[in-house]
Every structure is written in structure tokens, then in C-alpha cells.
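Accompanying notes for the structure given below.
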Amino acid sequence: MSYSERIALDAEGLSLSRLVLGAWRLLSGPERPDANRVADLINDAIDLGMTSFDHADIYGDYGVEEVFGAGLKQWRGQRERIELITKCDIMLKSGARPDNRIKHYDTSAGHIEASVNRSLKNLQTDYVDVLLIHRPDPLMDADETARGLEAVVEAGKVRAIGVSNFSPSQFDLLASRLPFPLVTNQIEVSVIHTSPLVDGSLDHAQLLRYPPMIWSPLGGGSLFTGDGAQERQVRKALQMVSDQLGGVDISAVAIAWLLRHPARPIPVLGSLKRERLASMASALGIVLERQQWFEILQASTGEEVP
């Protein structure tokens with residue numbers, strides 16, 4: 001089944017699919033996928049209604065974008081049918097970046113331009129739809145960073161700008177220097193990582209009416225493999241709700257729990273298998289009752305709400 005729901009990011013018509021395919025695991029398997037396999041993955045995602053693809057320059061030790069770009073070139077669809085998201089500013093110690101003596105961040109205007117140019121080359125595209133600053137940089141000069149971001153937007157290389165892992169105050173600082181709004185903040189939220197419900201992150205998204213993107217929406221897999229008390233209790237609660245819903249996959253229940261939040265979160269899914277993506281996408285047909293949602297929250301926190 002394909003789902004067509006979309007989430008608007010700006011007034012200019014840019015939107016993302018309700019669920020986004022995350023490419024960070026593209027090189028995590030035993031074999032490097034060829035262009036045909038990546039093209040098939042793009043088609044599988046689109047068939048399920050996922051037209052948006054999440055990247056970062058560092059994924060796969062700086063290798064994922066290039067592999068995806070080869071698949072994108074092989075893919076026979078129209079570029080305008082999909083949305084590409086990528087990130088910059090994390091600088092890894094890597095053979096691919098021999099000048100990096102230590103892991104650090106770089107939000108200078110020069111680095112932003114250079115990173116975007118590399119991403120465009122690797123992805124084999126003329127533009128990316130959304131560029132995110134990947135992590136807060138303690139040395140970020142908000143004026144300079146804003147100049148770099150404005151430049152890539154004005155050059156037509158990037159359609160919109162967002163951030164990732166920013167606190168509300170860090171978001172506001174950068175936003176105060178830009179002539180256009182930041183369209184998202186990609187943060188970690190899941191049924192086993194619920195702190196954004198109370199630390200102001202999701203409140204901030206509602207306040208400014210931007211949809212947050214959600215990384216690790218299933219707890220990085222620990223939801224299914226973890227043997228701690230929290231994981232066991234959450235799995236039990238998810239299974240209870242699954243039974244109430246006729247036996248749907250508990251991963252779909254966990255995604256539906258996120259989708260129930262009024263901030264309109266956009267989960268980034270990490271699986272590259274069509275059957276798993278289809279199972280998680282079925283969450284779009286589930287609306288949890290309020291008490292079901294709180295039962296899962298209570299299982300995660302280990303206590304009743306105050």
C-alpha cells in the first residue's frame with residue numbers, strides 16, 4: 001500500500017513525505033550495493049509513498065552520498081519527484097579527510113559551501129531540497145554561518161535550511177540571523193527516548209510551527225534487542241496495543257506513537273528492506289487512542305504521569 005500524506009515545510013511549496021527513508025545504513029552491509037540496487041531501493045520507497053531521502057556528508061565514512069548518487073543516476077524517474085536532505089559540519093577523523101586530526105565541527109561559511117558542492121557532486125544532482133547543520137557547533141559564529149547558508153540558497157544549490165540536534169535556544173540564535181525560516185530540527189525521539197516531550201524541543205516545534213524530523217525513531221533497534229527493564233516494559237506495552245489493533249507489527253505501533261504527537265513529527269526510517277519499510281509505513285493507517293499513547297509512555301518512563 002502506498003501512502004500519499006505529505007508535510008509542508010515552507011510557503012514555497014516544499015514538502016516531505018510523511019515518512020522519510022534514511023540512507024545512513026546503505027554501506028553497513030557485507031557488500032557495497034551497486035547502482036541498480038540503489039535505484040531499486042528508490043523505487044521501493046516511492047512505491048510506499050516515501051519520496052524523501054535523508055543523508056549526511058559523513059554517512060558511511062563519507063561514502064553513502066556517492067553510492068546513492070550512482071543509484072540516482074541509474075534511476076529512471078524525475079528528480080522533481082523526490083526530495084534529498086543532507087547535512088554538514090561534523091568533521092570526522094577519517095582516511096577520507098586526512099586533514100582532520102580530531103573529530104570536531106565546522107560551521108564556517110567556507111566549509112558550508114565546500115560541503116554542499118561535494119554533496120551535489122556525490123549525489124549527482126543540481127540541488128538538495130534541505131540542508132541541515134548536523135550538530136551544534138560551540139564555535140559557531142551565527143552571522144558567518146548565516147552568510148554561508150544564505151549563499152547556497154541564493155545560488156540555487158539548496159532549497160531550504162534546517163538544523164539537527166539543536167536545543168531551542170541554539171535554533172533561535174541561528175534563526176535570528178537568517179532572512180528565511182529554519183524549516184526543521186532533526187532530533188532523536190522514540191518510545192524509549194522520550195525526553196524531548198519535556199525538555200522543550202517538541203514545544204518549540206509547535207511554537208514556531210515547524211515539523212521536527214525524528215532520527216532513531218525505533219531506538220536504533222534496541223527497542224527490539226535490548227534486555228533492560230525499560231525495553232522489556234515498552235515491548236510489552238506495544239504488544240498490548242498491537243493486540244488491541246488486531247495484531248499489527250509493534251514497530252508500526254511505535255511509529256504511530258510518534259505520529260500521534262501534535263508537532264507533526266517526520267520519522268526517518270533506517271531499514272533498507274522493502275518488507276520492513278512496508279510494515280513501518282502501515283503506521284500511517286493507525287491513530288492511537290489517548291490512553292493507549294499514555295500506556296506506552298508510562299511503560300517507557302516507569303511511572304505514572306504527575
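Labeling convention for the C-alpha cells: chains A, B, ... as they appear, residues from 1 per chain, ligands from 1 in order of appearance.
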Please build the interface table for region 60-153 of chain A against region 193-213 of chain A with a cut-off of 12 Å, listing for each qualifying residue the nearest atom pair and the distance in Å to one decimal; count only C-alpha atoms, order rows by chain and increasing number, and write it as CSV.
residue,atom,partner,partner_atom,distance
A:Ile85,CA,A:Met213,CA,10.9
A:Val130,CA,A:Met213,CA,11.6
A:Leu132,CA,A:Met213,CA,10.7
I need the residues from that last selection saved to file as a PDB file, in the first residue's frame (with C-alpha atoms), if you can.
ATOM      1  CA  ILE A  85      18.097  16.061   2.548  1.00  0.00           C
ATOM      2  CA  VAL A 130      17.009  20.642   2.576  1.00  0.00           C
ATOM      3  CA  LEU A 132      20.781  20.693   7.871  1.00  0.00           C
TER       4      LEU A 132
END
Within 9 Å of region 63-81 of chain A, which residues of region 6-42 of chain A come that close, and what is the closest atom pair and distance in Å for each? Count only C-alpha atoms and give it as a Markdown table.
| residue | atom | partner | partner_atom | distance |
| --- | --- | --- | --- | --- |
| A:Ala23 | CA | A:Val64 | CA | 7.2 |
| A:Trp24 | CA | A:Val64 | CA | 6.9 |
| A:Arg25 | CA | A:Val64 | CA | 8.2 |
| A:Leu26 | CA | A:Val64 | CA | 6.3 |
| A:Leu27 | CA | A:Val64 | CA | 6.5 |
| A:Arg32 | CA | A:Val67 | CA | 8.4 |
| A:Pro33 | CA | A:Val67 | CA | 7.5 |
| A:Asp34 | CA | A:Gly71 | CA | 7.2 |
| A:Ala35 | CA | A:Gly71 | CA | 4.0 |
| A:Asn36 | CA | A:Gly71 | CA | 6.1 |
| A:Arg37 | CA | A:Gly71 | CA | 7.2 |
| A:Val38 | CA | A:Gly71 | CA | 4.7 |
| A:Ala39 | CA | A:Gly71 | CA | 4.7 |
| A:Asp40 | CA | A:Trp75 | CA | 7.7 |
| A:Leu41 | CA | A:Gly71 | CA | 8.7 |
| A:Ile42 | CA | A:Trp75 | CA | 7.6 |
Notebook entry, point to check: Which value, in Å to one decimal, gives the distance between CA of Leu21 (chain A) and CA of Ala56 (chain A)?
Noted result: 12.6 Å
Notebook entry, point to check: Taking into account only C-alpha atoms, which residue in the set A:Ala175, A:Val183, A:Leu139, A:Leu48 is nearest to Glu12 (chain A)?
Noted result: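 Residue with the minimum atom-to-atom distance to Glu12 (chain A): A:Val183.
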Notebook entry, point to check: What gap, in Å, lies between CA of Val234 (chain A) and CA of Ile187 (chain A)?
Noted result: 20.6 Å
Margin query: Using Å and a single decimal, report how far CA of Asp143 (chain A) sits from CA of Phe180 (chain A).
Written below: 13.8 Å
Margin query: Please list as a PyMOL selection string every residue within 9 Å of Pro181 (chain A), counting only C-alpha atoms and excluding residues in the same chain fewer than 2 positions away.
Written below: chain A and resi 10+160-162+175-176+178-179+183
For the interface of region 150-192 of chain A with region 298-306 of chain A (cut-off 12 Å, counting only C-alpha atoms), please tabulate each contacting residue of region 150-192 of chain A alongside its nearest pair of atoms and their separation in Å to one decimal, rows sorted by chain and increasing number, as JSON lines.
{"residue": "A:Ser190", "atom": "CA", "partner": "A:Ser300", "partner_atom": "CA", "distance": 9.7}
{"residue": "A:Val191", "atom": "CA", "partner": "A:Ser300", "partner_atom": "CA", "distance": 6.4}
{"residue": "A:Ile192", "atom": "CA", "partner": "A:Ser300", "partner_atom": "CA", "distance": 5.7}
Note to self: With DSSP run on the backbone, what are the strand (DSSP E) residues within region 52-267 of chain A? I'd like them as an NGL selection string.
What the structure shows: :A and (52-54 or 83-88 or 90-91 or 104-105 or 128-133 or 158-164 or 185-188 or 213-215 or 266-267)
Just N, CA and C atoms for this one: save the residues we selected as an mmCIF file, in the first residue's frame.
data_model
loop_
_atom_site.group_PDB
_atom_site.id
_atom_site.type_symbol
_atom_site.label_atom_id
_atom_site.label_comp_id
_atom_site.auth_asym_id
_atom_site.auth_seq_id
_atom_site.Cartn_x
_atom_site.Cartn_y
_atom_site.Cartn_z
ATOM 1 N N SER A 52 11.117 11.121 0.154
ATOM 2 C CA SER A 52 12.163 11.932 0.769
ATOM 3 C C SER A 52 13.264 11.029 1.309
ATOM 4 N N PHE A 53 14.532 11.433 1.084
ATOM 5 C CA PHE A 53 15.685 10.604 1.422
ATOM 6 C C PHE A 53 16.675 11.433 2.240
ATOM 7 N N ASP A 54 17.025 10.899 3.402
ATOM 8 C CA ASP A 54 17.864 11.618 4.358
ATOM 9 C C ASP A 54 19.317 11.148 4.285
ATOM 10 N N GLU A 83 12.746 14.215 -2.818
ATOM 11 C CA GLU A 83 13.390 15.264 -2.023
ATOM 12 C C GLU A 83 14.651 14.676 -1.389
ATOM 13 N N LEU A 84 15.747 15.399 -1.521
ATOM 14 C CA LEU A 84 17.019 14.987 -0.936
ATOM 15 C C LEU A 84 17.366 15.918 0.215
ATOM 16 N N ILE A 85 17.675 15.326 1.347
ATOM 17 C CA ILE A 85 18.097 16.061 2.548
ATOM 18 C C ILE A 85 19.532 15.653 2.836
ATOM 19 N N THR A 86 20.394 16.595 3.138
ATOM 20 C CA THR A 86 21.733 16.230 3.589
ATOM 21 C C THR A 86 22.178 17.186 4.686
ATOM 22 N N LYS A 87 23.323 16.868 5.280
ATOM 23 C CA LYS A 87 23.797 17.600 6.459
ATOM 24 C C LYS A 87 25.275 17.889 6.322
ATOM 25 N N CYS A 88 25.730 18.891 7.058
ATOM 26 C CA CYS A 88 27.151 19.183 7.109
ATOM 27 C C CYS A 88 27.521 19.745 8.472
ATOM 28 N N ILE A 90 29.866 18.169 10.795
ATOM 29 C CA ILE A 90 30.659 17.212 11.562
ATOM 30 C C ILE A 90 31.910 16.866 10.763
ATOM 31 N N MET A 91 33.058 16.932 11.413
ATOM 32 C CA MET A 91 34.337 16.630 10.778
ATOM 33 C C MET A 91 34.934 15.410 11.482
ATOM 34 N N HIS A 104 35.655 17.149 15.127
ATOM 35 C CA HIS A 104 35.250 18.494 15.512
ATOM 36 C C HIS A 104 34.104 18.942 14.615
ATOM 37 N N TYR A 105 33.691 20.189 14.774
ATOM 38 C CA TYR A 105 32.614 20.758 13.968
ATOM 39 C C TYR A 105 33.137 21.973 13.216
ATOM 40 N N VAL A 128 20.003 20.273 -3.510
ATOM 41 C CA VAL A 128 19.382 19.468 -2.465
ATOM 42 C C VAL A 128 18.191 20.257 -1.941
ATOM 43 N N ASP A 129 17.196 19.540 -1.500
ATOM 44 C CA ASP A 129 15.968 20.202 -1.055
ATOM 45 C C ASP A 129 16.122 20.821 0.326
ATOM 46 N N VAL A 130 16.815 20.130 1.215
ATOM 47 C CA VAL A 130 17.009 20.642 2.576
ATOM 48 C C VAL A 130 18.450 20.373 3.000
ATOM 49 N N LEU A 131 19.114 21.393 3.511
ATOM 50 C CA LEU A 131 20.428 21.255 4.120
ATOM 51 C C LEU A 131 20.283 21.488 5.616
ATOM 52 N N LEU A 132 20.829 20.568 6.418
ATOM 53 C CA LEU A 132 20.781 20.693 7.871
ATOM 54 C C LEU A 132 22.191 20.897 8.417
ATOM 55 N N ILE A 133 22.316 21.783 9.397
ATOM 56 C CA ILE A 133 23.528 21.817 10.212
ATOM 57 C C ILE A 133 23.426 20.633 11.167
ATOM 58 N N VAL A 158 20.564 24.897 -2.713
ATOM 59 C CA VAL A 158 19.764 24.390 -1.602
ATOM 60 C C VAL A 158 18.430 25.117 -1.598
ATOM 61 N N ARG A 159 17.342 24.370 -1.403
ATOM 62 C CA ARG A 159 16.024 24.998 -1.386
ATOM 63 C C ARG A 159 15.652 25.532 -0.011
ATOM 64 N N ALA A 160 16.039 24.830 1.048
ATOM 65 C CA ALA A 160 15.637 25.237 2.395
ATOM 66 C C ALA A 160 16.689 24.775 3.393
ATOM 67 N N ILE A 161 16.686 25.437 4.552
ATOM 68 C CA ILE A 161 17.683 25.194 5.584
ATOM 69 C C ILE A 161 17.006 24.734 6.873
ATOM 70 N N GLY A 162 17.650 23.785 7.545
ATOM 71 C CA GLY A 162 17.211 23.358 8.864
ATOM 72 C C GLY A 162 18.416 23.035 9.725
ATOM 73 N N VAL A 163 18.164 22.447 10.877
ATOM 74 C CA VAL A 163 19.232 22.059 11.795
ATOM 75 C C VAL A 163 18.950 20.658 12.305
ATOM 76 N N SER A 164 19.898 20.130 13.061
ATOM 77 C CA SER A 164 19.753 18.798 13.634
ATOM 78 C C SER A 164 20.396 18.790 15.012
ATOM 79 N N ASN A 185 14.042 20.811 12.700
ATOM 80 C CA ASN A 185 15.121 20.412 13.590
ATOM 81 C C ASN A 185 15.034 18.894 13.688
ATOM 82 N N GLN A 186 16.060 18.201 13.235
ATOM 83 C CA GLN A 186 16.046 16.739 13.280
ATOM 84 C C GLN A 186 16.604 16.297 14.633
ATOM 85 N N ILE A 187 15.758 15.657 15.429
ATOM 86 C CA ILE A 187 16.117 15.289 16.799
ATOM 87 C C ILE A 187 15.804 13.817 17.047
ATOM 88 N N GLU A 188 16.380 13.289 18.116
ATOM 89 C CA GLU A 188 16.108 11.905 18.479
ATOM 90 C C GLU A 188 14.877 11.833 19.375
ATOM 91 N N MET A 213 11.975 16.628 12.279
ATOM 92 C CA MET A 213 12.328 15.312 11.759
ATOM 93 C C MET A 213 12.853 14.481 12.937
ATOM 94 N N ILE A 214 12.631 13.179 12.880
ATOM 95 C CA ILE A 214 12.957 12.311 14.015
ATOM 96 C C ILE A 214 13.947 11.237 13.575
ATOM 97 N N TRP A 215 15.144 11.261 14.172
ATOM 98 C CA TRP A 215 16.084 10.178 13.900
ATOM 99 C C TRP A 215 16.005 9.125 14.998
ATOM 100 N N ILE A 266 8.251 13.936 11.710
ATOM 101 C CA ILE A 266 8.517 13.196 10.480
ATOM 102 C C ILE A 266 9.590 12.151 10.784
ATOM 103 N N PRO A 267 9.213 10.895 11.032
ATOM 104 C CA PRO A 267 10.210 9.867 11.349
ATOM 105 C C PRO A 267 11.098 9.542 10.144
#
Next item on the list: May I ask which of the residues A:Gln239, A:Ser251, A:Gln170, A:Ser15 is the closest one to Ser222 (chain A), counting only C-alpha atoms?
Entry: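 Among the listed residues, the smallest separation from Ser222 (chain A) belongs to A:Ser251.
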Ile296 (chain A) surroundings by only C-alpha atoms, 9 Å radius, close-in-sequence under 4 positions cut, as a CSV table (one decimal) with C-alpha atoms, in the first residue's frame:
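Now in out_34.csv:
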chain,number,residue,atom,x,y,z
A,191,VAL,CA,9.2,5.2,22.7
A,233,GLN,CA,8.2,-3.0,29.5
A,234,VAL,CA,7.9,-1.0,26.3
A,235,ARG,CA,7.7,-4.1,24.2
A,236,LYS,CA,5.0,-5.4,26.5
A,237,ALA,CA,3.0,-2.2,26.1
A,238,LEU,CA,3.5,-2.1,22.4
A,241,VAL,CA,-1.7,-2.1,21.9
A,254,ALA,CA,6.0,2.6,17.9
A,257,TRP,CA,3.1,6.7,18.8
A,291,GLN,CA,-5.0,6.3,26.8
A,292,GLN,CA,-3.1,3.9,24.5
A,300,SER,CA,8.9,3.8,29.0
A,301,THR,CA,9.3,6.2,32.0
Note to self: Using only C-alpha atoms, which protein or nucleic acid residues come within 12 Å of Ser108 (chain A)? Drop anything in the same chain fewer than 2 positions from it, and give the result as a ChimeraX atom specification.
What the structure shows: /A:88-90,105-106,110-115,133,137-149
Can you write just those residues out, N, CA and C atoms, as a PDB file, in the first residue's frame?
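Output (again36.pdb):
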ATOM      1  N   CYS A  88      25.730  18.891   7.058  1.00  0.00           N
ATOM      2  CA  CYS A  88      27.151  19.183   7.109  1.00  0.00           C
ATOM      3  C   CYS A  88      27.521  19.745   8.472  1.00  0.00           C
ATOM      4  N   ASP A  89      28.776  19.762   8.770  1.00  0.00           N
ATOM      5  CA  ASP A  89      29.513  20.431   9.857  1.00  0.00           C
ATOM      6  C   ASP A  89      30.256  19.476  10.756  1.00  0.00           C
ATOM      7  N   ILE A  90      29.866  18.169  10.795  1.00  0.00           N
ATOM      8  CA  ILE A  90      30.659  17.212  11.562  1.00  0.00           C
ATOM      9  C   ILE A  90      31.910  16.866  10.763  1.00  0.00           C
ATOM     10  N   TYR A 105      33.691  20.189  14.774  1.00  0.00           N
ATOM     11  CA  TYR A 105      32.614  20.758  13.968  1.00  0.00           C
ATOM     12  C   TYR A 105      33.137  21.973  13.216  1.00  0.00           C
ATOM     13  N   ASP A 106      32.517  22.245  12.066  1.00  0.00           N
ATOM     14  CA  ASP A 106      32.911  23.415  11.287  1.00  0.00           C
ATOM     15  C   ASP A 106      31.664  24.018  10.643  1.00  0.00           C
ATOM     16  N   GLY A 110      32.880  29.047   4.551  1.00  0.00           N
ATOM     17  CA  GLY A 110      33.671  28.330   3.560  1.00  0.00           C
ATOM     18  C   GLY A 110      33.421  26.838   3.586  1.00  0.00           C
ATOM     19  N   HIS A 111      33.313  26.280   4.785  1.00  0.00           N
ATOM     20  CA  HIS A 111      33.064  24.846   4.869  1.00  0.00           C
ATOM     21  C   HIS A 111      31.666  24.506   4.377  1.00  0.00           C
ATOM     22  N   ILE A 112      30.678  25.311   4.716  1.00  0.00           N
ATOM     23  CA  ILE A 112      29.310  25.045   4.249  1.00  0.00           C
ATOM     24  C   ILE A 112      29.274  24.992   2.723  1.00  0.00           C
ATOM     25  N   GLU A 113      29.881  25.955   2.069  1.00  0.00           N
ATOM     26  CA  GLU A 113      29.883  25.972   0.600  1.00  0.00           C
ATOM     27  C   GLU A 113      30.618  24.760   0.034  1.00  0.00           C
ATOM     28  N   ALA A 114      31.783  24.448   0.601  1.00  0.00           N
ATOM     29  CA  ALA A 114      32.550  23.313   0.094  1.00  0.00           C
ATOM     30  C   ALA A 114      31.804  22.002   0.307  1.00  0.00           C
ATOM     31  N   SER A 115      31.166  21.847   1.468  1.00  0.00           N
ATOM     32  CA  SER A 115      30.435  20.617   1.759  1.00  0.00           C
ATOM     33  C   SER A 115      29.241  20.457   0.828  1.00  0.00           C
ATOM     34  N   ILE A 133      22.316  21.783   9.397  1.00  0.00           N
ATOM     35  CA  ILE A 133      23.528  21.817  10.212  1.00  0.00           C
ATOM     36  C   ILE A 133      23.426  20.633  11.167  1.00  0.00           C
ATOM     37  N   ASP A 137      27.559  23.654  16.991  1.00  0.00           N
ATOM     38  CA  ASP A 137      28.988  23.935  16.996  1.00  0.00           C
ATOM     39  C   ASP A 137      29.263  24.999  18.057  1.00  0.00           C
ATOM     40  N   PRO A 138      30.024  24.686  19.120  1.00  0.00           N
ATOM     41  CA  PRO A 138      30.268  25.700  20.159  1.00  0.00           C
ATOM     42  C   PRO A 138      31.038  26.910  19.645  1.00  0.00           C
ATOM     43  N   LEU A 139      31.688  26.768  18.479  1.00  0.00           N
ATOM     44  CA  LEU A 139      32.401  27.899  17.883  1.00  0.00           C
ATOM     45  C   LEU A 139      31.616  28.533  16.737  1.00  0.00           C
ATOM     46  N   MET A 140      30.317  28.217  16.656  1.00  0.00           N
ATOM     47  CA  MET A 140      29.521  28.801  15.577  1.00  0.00           C
ATOM     48  C   MET A 140      29.402  30.308  15.736  1.00  0.00           C
ATOM     49  N   ASP A 141      29.833  31.036  14.723  1.00  0.00           N
ATOM     50  CA  ASP A 141      29.572  32.465  14.614  1.00  0.00           C
ATOM     51  C   ASP A 141      28.281  32.586  13.823  1.00  0.00           C
ATOM     52  N   ALA A 142      27.199  32.901  14.498  1.00  0.00           N
ATOM     53  CA  ALA A 142      25.882  32.848  13.867  1.00  0.00           C
ATOM     54  C   ALA A 142      25.799  33.729  12.631  1.00  0.00           C
ATOM     55  N   ASP A 143      26.472  34.875  12.648  1.00  0.00           N
ATOM     56  CA  ASP A 143      26.441  35.757  11.477  1.00  0.00           C
ATOM     57  C   ASP A 143      27.145  35.106  10.291  1.00  0.00           C
ATOM     58  N   GLU A 144      28.315  34.524  10.532  1.00  0.00           N
ATOM     59  CA  GLU A 144      29.046  33.891   9.436  1.00  0.00           C
ATOM     60  C   GLU A 144      28.323  32.657   8.924  1.00  0.00           C
ATOM     61  N   THR A 145      27.830  31.822   9.841  1.00  0.00           N
ATOM     62  CA  THR A 145      27.092  30.630   9.423  1.00  0.00           C
ATOM     63  C   THR A 145      25.883  31.013   8.591  1.00  0.00           C
ATOM     64  N   ALA A 146      25.176  32.043   9.021  1.00  0.00           N
ATOM     65  CA  ALA A 146      24.013  32.507   8.264  1.00  0.00           C
ATOM     66  C   ALA A 146      24.414  32.980   6.872  1.00  0.00           C
ATOM     67  N   ARG A 147      25.541  33.678   6.771  1.00  0.00           N
ATOM     68  CA  ARG A 147      26.000  34.131   5.446  1.00  0.00           C
ATOM     69  C   ARG A 147      26.271  32.935   4.539  1.00  0.00           C
ATOM     70  N   GLY A 148      26.901  31.896   5.091  1.00  0.00           N
ATOM     71  CA  GLY A 148      27.163  30.713   4.286  1.00  0.00           C
ATOM     72  C   GLY A 148      25.893  30.019   3.831  1.00  0.00           C
ATOM     73  N   LEU A 149      24.916  29.947   4.730  1.00  0.00           N
ATOM     74  CA  LEU A 149      23.642  29.307   4.386  1.00  0.00           C
ATOM     75  C   LEU A 149      22.863  30.131   3.367  1.00  0.00           C
TER      76      LEU A 149
END
Run DSSP on the backbone and give me the residues of region 116-246 of chain A it puts in alpha helix (DSSP H), as a short mmCIF file (atom, residue, chain, number, x, y, z; two decimals) with C-alpha atoms, in the first residue's frame.
data_model
loop_
_atom_site.label_atom_id
_atom_site.label_comp_id
_atom_site.auth_asym_id
_atom_site.auth_seq_id
_atom_site.Cartn_x
_atom_site.Cartn_y
_atom_site.Cartn_z
CA VAL A 116 27.36 21.47 -0.31
CA ASN A 117 29.41 21.38 -3.51
CA ARG A 118 30.78 17.93 -2.61
CA SER A 119 27.31 16.66 -1.75
CA LEU A 120 25.91 17.87 -5.06
CA LYS A 121 28.74 16.14 -6.91
CA ASN A 122 28.36 12.91 -4.93
CA LEU A 123 24.57 12.82 -5.22
CA ALA A 142 25.88 32.85 13.87
CA ASP A 143 26.44 35.76 11.48
CA GLU A 144 29.05 33.89 9.44
CA THR A 145 27.09 30.63 9.42
CA ALA A 146 24.01 32.51 8.26
CA ARG A 147 26.00 34.13 5.45
CA GLY A 148 27.16 30.71 4.29
CA LEU A 149 23.64 29.31 4.39
CA GLU A 150 22.19 32.31 2.56
CA ALA A 151 24.83 31.95 -0.14
CA VAL A 152 23.99 28.34 -1.00
CA VAL A 153 20.27 29.15 -1.04
CA GLU A 154 20.74 32.21 -3.24
CA PRO A 168 15.53 25.58 21.21
CA SER A 169 17.95 28.40 22.12
CA GLN A 170 20.53 27.23 19.57
CA PHE A 171 17.79 27.08 16.96
CA ASP A 172 16.62 30.59 17.84
CA LEU A 173 20.14 32.01 17.66
CA LEU A 174 20.74 30.84 14.11
CA ALA A 175 17.19 31.68 13.04
CA SER A 201 12.21 20.52 21.93
CA LEU A 202 8.74 19.49 20.75
CA ASP A 203 7.14 22.51 22.44
CA HIS A 204 9.47 24.73 20.40
CA ALA A 205 8.46 22.96 17.19
CA GLN A 206 4.79 23.62 17.94
CA LEU A 207 5.50 27.20 18.99
CA LEU A 208 7.18 28.03 15.67
CA SER A 222 17.43 -1.50 20.92
CA LEU A 223 13.65 -1.44 21.24
CA PHE A 224 13.67 -4.98 19.83
CA THR A 225 17.05 -6.27 21.02
CA ALA A 229 13.74 -3.26 32.12
CA GLN A 230 12.67 -0.27 30.01
CA GLU A 231 12.90 -2.14 26.70
CA ARG A 232 11.01 -5.13 28.08
CA GLN A 233 8.23 -2.98 29.54
CA VAL A 234 7.88 -0.95 26.35
CA ARG A 235 7.73 -4.07 24.17
CA LYS A 236 5.02 -5.44 26.46
CA ALA A 237 3.00 -2.22 26.14
CA LEU A 238 3.46 -2.11 22.37
CA GLN A 239 2.33 -5.72 22.10
CA MET A 240 -0.75 -4.99 24.21
CA VAL A 241 -1.72 -2.13 21.90
CA SER A 242 -0.89 -4.28 18.87
CA ASP A 243 -3.32 -6.92 20.10
CA GLN A 244 -5.98 -4.26 20.55
#
Notebook entry, point to check: For Arg276 (chain A), which of A:His134, A:Met50, A:Asp249, A:Gly156 is the closest residue, counting only C-alpha atoms?
Noted result: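 Closest candidate: A:Asp249.
For the residues A:Arg260, A:Leu297, A:Ala281, A:Pro265, ranking by smallest atom-to-atom distance to Leu9 (chain A) using only C-alpha atoms places A:Pro265 first.
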Margin query: Ranking A:Met280, A:Leu245, A:Val287, A:Leu182 by minimum distance to Gly49 (chain A) and counting only C-alpha atoms, which one comes first?
Written below: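 Of the candidates, the smallest distance to Gly49 (chain A) is held by A:Met280.
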